[in-house]
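> Dropping a structure here in structure tokens format, bear with me for questions.
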Amino acid sequence: MQLSIVFAVLLACILHSTPSDAIPARAHHQRLARANPRTITMPLKRLYSPDVLMAQLLQQHINRGNKRLARMTGRSEPAEHELRAEMHKRMYLLENGSVKASSATTATGSNFSRRYWRNSKHVAQAASNTSSTGTNGEVSALDIQAAEIGGLTPAKIPTSNNTLVQDDVGYIATIQIGTPPQNFNILMDSGSADFWVGSETCQSQQGTCGNHTFLGSKSSSSFVQSNQNFNVTYGSGSVAGVLCQDNVNMAGLQLNKHTFGVANEESVQFSADTVPFDGLMGLAQSTLSNEKVPTPVESLASNGLISSAISSFKISRLADQLNDGEVTFGGLDSTKFVANTLVTIPNVSKIGFWEGAVDAITVNGQDTGMTGRTAILDTGTTLIIAPPADALAVIAMLGGKCDTQQCTISCTSNTSVALSFGNASFAIDPRDMAVLPVDVNDPTGDCTAGIQPGTIGTNTEWLVGDVFLKNAYFSVDTQNNKISLAKLS
């Protein structure tokens with residue numbers, strides 16, 4: 001007995017005297033994770049669009065951004081015929097050779113339509129065949145291949161316990177729903193507040209809702225359907241259905257009898273086989289919800305499963321080949337940002353979006369003189385949509401130009417745009433401002449710019465998407481109505 005007591009004391013002394021930097025990093029991190037079990041982090045996979053030509057895809061991003069901005073600011077959306085006209089102009093340019101597409105693509109009957117986004121084999125293979133990151137004065141070959149091929153980039157295992165993962169055009173996490181649990185790929189969207197997946201009875205304009213995972217009483221014994229209807233219209237596409245209750249598991253945390261939507265009707269933007277996600281999770285405030293129910297992160301917090309209704313995003317960049325995108329619920333992942341750069345600002349949106357006051361906008365350190373601007377920060381938007389006068393001014397300072405179709409800059413531009421929040425400046429990597437080459441065979445020519453003019457909204461409101469958000473750690477706090485940003489580590 002005495003010997004065992006002495007041994008225990010000696011062991012305690014050894015452990016107590018061991019410096020923290022002598023503990024292996026993985027073990028040290030696991031110890032910290034166990035000390036703070038009330039956060040979860042999920043990996044985010046990168047999404048590409050393979051079934052349209054790149055010029056069309058970019059116009060879709062611009063159209064979608066304009067529609068989202070209109071809905072966010074409570075103004076009339078651009079008419080459908082106006083958006084179609086813009087797309088038809090793109091097609092006219094393609095047919096007449098003004099915009100060159102890859103020789104491997106055609107406007108109809110493309111092989112892209114037969115390549116499911118669900119299958120990430122093509123993108124993974126493309127990544128293994130090239131190491132170009134676009135840092136030598138041209139657009140990354142990986143970005144061009146991804147735009148042509150489509151797919152999901154596999155994400156790395158997160159650095160925290162209970163973690164979900166994300167992806168560059170859209171960001172997708174995998175969760176489990178039902179009994180027995182099924183995997184669902186879910187698009188994470190900070191610009192909306194409704195959570196839904198497809199119903200087992202889902203229908204679309206094309207008949208069924210494609211090659212997706214669906215939820216209902218046939219697949220889940222814990223599924224309970226209500227008679228309460230819902231419908232949601234997004235910048236691109238719409239869904240309608242009924243509310244239900246079922247068990248939702250996110251990174252190991254079980255949210256039982258959560259109320260959310262099952263879509264009986266989906267527009268083709270959600271139902272097509274080429275769409276790599278099975279539903280959408282809105283992470284704006286629930287005051288914005290069409291379903292009129294708490295968001296999953298709010299429910300996790302109210303049930304004591306996470307410490308607070310906080311959602312935090314680290315969005316990966318394909319060209320970096322790190323595949324380290326993550327979304328964290330309940331707090332911030334301190335391994336992803338530089339602590340002394342963290343700033344917290346009030347959310348100025350009155351209706352539930354995440355909108356912050358912009359202190360300054362600079363180009364290569366030169367102040368544009370734009371004051372009184374606000375930015376809606378939205379992971380569901382790819383580009384930056386700015387009031388026309390603002391966008392044209394920034395593009396001019398970048399040495400670019402705008403026509404009736406789009407704004408372009410040189411693919412080799414190394415000029416940096418920065419937005420300031422809370423008196424801290426956050427620079428956009430020049431690679432993110434040169435989105436994709438107008439001619440995919442000329443990656444050093446003209447590129448579609450990451451900032452485009454929006455015709456909807458006031459002359460002070462910007463819609464700021466992933467072009468910016470890839471360059472900062474982004475966190476939103478529902479309870480305190482705050483937004484935090486920090487420089488990435």
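Note on naming: chains are A, B, ... as they come in the structure tokens, residues start from 1 per chain, ligands start from 1 in the order shown.
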List every residue of range 341-371 of chain A that DSSP, applied to the backbone of this structure, places in strand (DSSP E), and write the result as a ChimeraX atom specification.
/A:343-346,355-358,360-363,366-367
> How about saving the chosen residues, C-alpha atoms kept, as a PDB file, in the first residue's frame?

```
ATOM      1  CA  VAL A 343     -11.933  42.345 -33.822  1.00  0.00           C
ATOM      2  CA  THR A 344     -15.603  42.271 -32.853  1.00  0.00           C
ATOM      3  CA  ILE A 345     -18.180  44.663 -34.302  1.00  0.00           C
ATOM      4  CA  PRO A 346     -21.940  45.129 -33.938  1.00  0.00           C
ATOM      5  CA  GLU A 355     -23.898  43.019 -41.768  1.00  0.00           C
ATOM      6  CA  GLY A 356     -21.019  45.136 -40.493  1.00  0.00           C
ATOM      7  CA  ALA A 357     -19.917  48.735 -40.926  1.00  0.00           C
ATOM      8  CA  VAL A 358     -16.912  49.128 -43.234  1.00  0.00           C
ATOM      9  CA  ALA A 360     -12.374  51.961 -45.176  1.00  0.00           C
ATOM     10  CA  ILE A 361     -11.775  50.368 -48.562  1.00  0.00           C
ATOM     11  CA  THR A 362      -8.246  50.558 -49.946  1.00  0.00           C
ATOM     12  CA  VAL A 363      -6.405  49.411 -53.066  1.00  0.00           C
ATOM     13  CA  GLN A 366      -4.533  53.821 -51.181  1.00  0.00           C
ATOM     14  CA  ASP A 367      -7.831  54.927 -49.659  1.00  0.00           C
TER      15      ASP A 367
END
```
> Residues at most 7 Å from Leu215 in chain A, counting only C-alpha atoms, excluding those fewer than 6 positions away in the same chain, as an MDAnalysis selection string?
chainID A and resid 198:200
> Mind writing the picked residues with N, CA and C atoms as a PDB file, in the first residue's frame?

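Output contents, as saved in again29.pdb:
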```
ATOM      1  N   GLY A 198     -34.197  17.136 -48.631  1.00  0.00           N
ATOM      2  CA  GLY A 198     -35.224  16.639 -49.532  1.00  0.00           C
ATOM      3  C   GLY A 198     -36.080  15.562 -48.894  1.00  0.00           C
ATOM      4  N   SER A 199     -37.372  15.577 -49.248  1.00  0.00           N
ATOM      5  CA  SER A 199     -38.308  14.568 -48.765  1.00  0.00           C
ATOM      6  C   SER A 199     -38.255  13.321 -49.638  1.00  0.00           C
ATOM      7  N   GLU A 200     -38.658  12.184 -49.063  1.00  0.00           N
ATOM      8  CA  GLU A 200     -38.747  10.946 -49.833  1.00  0.00           C
ATOM      9  C   GLU A 200     -39.749  11.049 -50.976  1.00  0.00           C
TER      10      GLU A 200
END
```
> May I have the residues within 12 Å of Glu265 in chain A as a list in words, using only C-alpha atoms and disregarding those fewer than 6 positions away in the same chain?
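The residues satisfying every condition are Trp196, Val197, Gly198, Ser199, Glu200, Thr201, Cys202, Gln203, Ser204, Gln205, Gln206, Gly207, Thr208, Cys209, Gly210, Asn229, Phe230, Asn231, Val232, Thr233, Gly237, Ser238, Val239, Ala240, Gly241, Val242 and Ser271 of chain A.
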> Please, could you write that set of residues out with N, CA, C and O atoms as a short mmCIF file (atom, residue, chain, number, x, y, z; two decimals), in the first residue's frame?

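Writing the result to result33.cif gives the following:
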```cif
data_model
loop_
_atom_site.label_atom_id
_atom_site.label_comp_id
_atom_site.auth_asym_id
_atom_site.auth_seq_id
_atom_site.Cartn_x
_atom_site.Cartn_y
_atom_site.Cartn_z
N TRP A 196 -33.19 22.62 -44.27
CA TRP A 196 -34.08 21.66 -44.92
C TRP A 196 -33.28 20.60 -45.66
O TRP A 196 -32.13 20.82 -46.03
N VAL A 197 -33.92 19.45 -45.87
CA VAL A 197 -33.38 18.40 -46.74
C VAL A 197 -34.53 17.91 -47.62
O VAL A 197 -35.70 18.23 -47.38
N GLY A 198 -34.20 17.14 -48.63
CA GLY A 198 -35.22 16.64 -49.53
C GLY A 198 -36.08 15.56 -48.89
O GLY A 198 -35.60 14.73 -48.12
N SER A 199 -37.37 15.58 -49.25
CA SER A 199 -38.31 14.57 -48.77
C SER A 199 -38.25 13.32 -49.64
O SER A 199 -37.90 13.38 -50.81
N GLU A 200 -38.66 12.18 -49.06
CA GLU A 200 -38.75 10.95 -49.83
C GLU A 200 -39.75 11.05 -50.98
O GLU A 200 -39.69 10.28 -51.94
N THR A 201 -40.68 12.02 -50.88
CA THR A 201 -41.68 12.23 -51.94
C THR A 201 -41.35 13.43 -52.81
O THR A 201 -42.21 13.93 -53.52
N CYS A 202 -40.10 13.87 -52.77
CA CYS A 202 -39.71 15.11 -53.45
C CYS A 202 -39.90 15.01 -54.96
O CYS A 202 -39.57 14.00 -55.59
N GLN A 203 -40.42 16.11 -55.54
CA GLN A 203 -40.61 16.22 -56.99
C GLN A 203 -39.99 17.53 -57.47
O GLN A 203 -39.89 18.50 -56.73
N SER A 204 -39.61 17.54 -58.75
CA SER A 204 -39.06 18.75 -59.37
C SER A 204 -39.62 18.88 -60.78
O SER A 204 -40.42 18.04 -61.23
N GLN A 205 -39.18 19.92 -61.49
CA GLN A 205 -39.62 20.09 -62.88
C GLN A 205 -39.20 18.91 -63.73
O GLN A 205 -39.80 18.63 -64.76
N GLN A 206 -38.15 18.20 -63.30
CA GLN A 206 -37.63 17.06 -64.05
C GLN A 206 -38.22 15.73 -63.59
O GLN A 206 -37.81 14.68 -64.05
N GLY A 207 -39.19 15.79 -62.69
CA GLY A 207 -39.78 14.57 -62.15
C GLY A 207 -39.33 14.36 -60.72
O GLY A 207 -39.81 15.04 -59.81
N THR A 208 -38.39 13.44 -60.50
CA THR A 208 -37.87 13.22 -59.15
C THR A 208 -36.80 14.27 -58.82
O THR A 208 -36.45 15.09 -59.66
N CYS A 209 -36.30 14.19 -57.60
CA CYS A 209 -35.30 15.17 -57.15
C CYS A 209 -33.87 14.63 -57.23
O CYS A 209 -33.00 15.00 -56.44
N GLY A 210 -33.66 13.73 -58.18
CA GLY A 210 -32.29 13.34 -58.50
C GLY A 210 -31.66 12.34 -57.57
O GLY A 210 -32.30 11.73 -56.71
N ASN A 229 -46.68 24.05 -43.51
CA ASN A 229 -45.97 24.25 -44.77
C ASN A 229 -44.88 25.30 -44.64
O ASN A 229 -44.93 26.18 -43.77
N PHE A 230 -43.90 25.23 -45.53
CA PHE A 230 -42.89 26.28 -45.64
C PHE A 230 -42.47 26.38 -47.10
O PHE A 230 -42.63 25.45 -47.89
N ASN A 231 -41.95 27.52 -47.46
CA ASN A 231 -41.30 27.68 -48.77
C ASN A 231 -40.23 28.73 -48.66
O ASN A 231 -40.37 29.69 -47.89
N VAL A 232 -39.15 28.53 -49.40
CA VAL A 232 -38.00 29.45 -49.36
C VAL A 232 -37.56 29.71 -50.79
O VAL A 232 -37.39 28.77 -51.58
N THR A 233 -37.37 30.98 -51.13
CA THR A 233 -36.81 31.36 -52.42
C THR A 233 -35.44 31.97 -52.20
O THR A 233 -35.28 32.89 -51.38
N GLY A 237 -32.93 29.49 -57.23
CA GLY A 237 -33.70 28.32 -56.89
C GLY A 237 -34.65 28.52 -55.72
O GLY A 237 -34.60 29.53 -55.01
N SER A 238 -35.53 27.53 -55.52
CA SER A 238 -36.52 27.59 -54.46
C SER A 238 -36.90 26.18 -54.02
O SER A 238 -36.70 25.21 -54.76
N VAL A 239 -37.44 26.07 -52.81
CA VAL A 239 -37.93 24.80 -52.29
C VAL A 239 -39.24 25.07 -51.54
O VAL A 239 -39.49 26.18 -51.08
N ALA A 240 -40.06 24.02 -51.43
CA ALA A 240 -41.30 24.10 -50.66
C ALA A 240 -41.57 22.73 -50.07
O ALA A 240 -41.25 21.70 -50.67
N GLY A 241 -42.17 22.72 -48.87
CA GLY A 241 -42.46 21.44 -48.23
C GLY A 241 -43.17 21.62 -46.92
O GLY A 241 -43.95 22.58 -46.74
N VAL A 242 -42.90 20.71 -45.98
CA VAL A 242 -43.53 20.75 -44.67
C VAL A 242 -42.45 20.64 -43.59
O VAL A 242 -41.35 20.15 -43.84
N SER A 271 -32.37 20.06 -57.29
CA SER A 271 -32.75 18.68 -57.54
C SER A 271 -31.85 17.94 -58.53
O SER A 271 -31.84 16.71 -58.55
#
```
> With only C-alpha atoms as the atoms that count, which of A:Asn256, A:Gln269, A:Ser334, A:Gln245 lies nearest to Leu300 in chain A?
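Going through A:Asn256, A:Gln269, A:Ser334, A:Gln245 one by one, the smallest distance to Leu300 in chain A is for A:Asn256.
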> Hey, can you check how far CA of Ile384 in chain A sits from CA of Trp462 in chain A?
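Computing it gives 7.3 Å between the two atoms.
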> For Thr415 in chain A, find every residue with an atom within 10 Å (counting only C-alpha atoms), except residues of its own chain fewer than 5 positions away, and show them as an NGL selection string.
:A and (363-365 or 397-399 or 410 or 428-431 or 433)
> Restricted to N, CA and C atoms, what would the selected residues look like written as a tab-separated table (two decimals), in the first residue's frame?

```tsv
chain	number	residue	atom	x	y	z
A	363	VAL	N	-7.02	50.18	-51.99
A	363	VAL	CA	-6.40	49.41	-53.07
A	363	VAL	C	-4.91	49.66	-53.00
A	364	ASN	N	-4.16	48.63	-52.70
A	364	ASN	CA	-2.72	48.74	-52.48
A	364	ASN	C	-2.38	49.84	-51.46
A	365	GLY	N	-3.19	49.90	-50.43
A	365	GLY	CA	-2.97	50.87	-49.36
A	365	GLY	C	-3.52	52.25	-49.63
A	397	MET	N	-8.99	51.41	-60.15
A	397	MET	CA	-7.76	51.46	-59.36
A	397	MET	C	-6.95	50.17	-59.50
A	398	LEU	N	-7.65	49.07	-59.86
A	398	LEU	CA	-6.97	47.80	-60.10
A	398	LEU	C	-6.41	47.71	-61.52
A	399	GLY	N	-6.66	48.75	-62.32
A	399	GLY	CA	-6.19	48.73	-63.70
A	399	GLY	C	-7.06	47.89	-64.61
A	410	SER	N	-6.45	42.08	-64.98
A	410	SER	CA	-5.41	41.19	-65.48
A	410	SER	C	-5.27	39.99	-64.56
A	428	ILE	N	-7.45	41.24	-49.37
A	428	ILE	CA	-7.88	40.14	-50.22
A	428	ILE	C	-6.70	39.70	-51.07
A	429	ASP	N	-6.38	38.42	-51.01
A	429	ASP	CA	-5.30	37.88	-51.83
A	429	ASP	C	-5.58	38.19	-53.30
A	430	PRO	N	-4.61	38.74	-54.05
A	430	PRO	CA	-4.84	39.04	-55.47
A	430	PRO	C	-5.35	37.84	-56.27
A	431	ARG	N	-5.01	36.63	-55.84
A	431	ARG	CA	-5.50	35.44	-56.54
A	431	ARG	C	-7.02	35.33	-56.47
A	433	MET	N	-9.07	37.95	-56.33
A	433	MET	CA	-9.68	39.01	-57.13
A	433	MET	C	-9.71	38.64	-58.59
```
> Nearest to Val435 in chain A among A:Val224, A:Leu255, A:Val467, A:Leu392, with distances taken over only C-alpha atoms: which residue is it?
A:Val467
> What is the distance between CA of Asp333 in chain A and CA of Thr379 in chain A, in Å to one decimal?
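Result for CA of Asp333 in chain A versus CA of Thr379 in chain A: 17.6 Å, one decimal.
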> Excluding same-chain residues fewer than 2 positions from Ser312 in chain A, what lies within 10 Å of it counting only C-alpha atoms, as a list of chain:residue names?
A:Thr41, A:Ser190, A:Ile310, A:Lys314, A:Ile315, A:Glu326, A:Val327, A:Thr328, A:Phe329, A:Gly330, A:Gly331, A:Leu332, A:Asp333, A:Tyr473, A:Phe474, A:Ser475, A:Val476, A:Asp477, A:Ile483, A:Ser484, A:Leu485
> Do a neighbour search on range 275-278 of chain A at 7 Å with only C-alpha atoms, toss out local chain neighbours closer than 3 positions, and write the hits as a PyMOL selection string.
chain A and resi 117-118+184-187+197-198+212-213+270-272
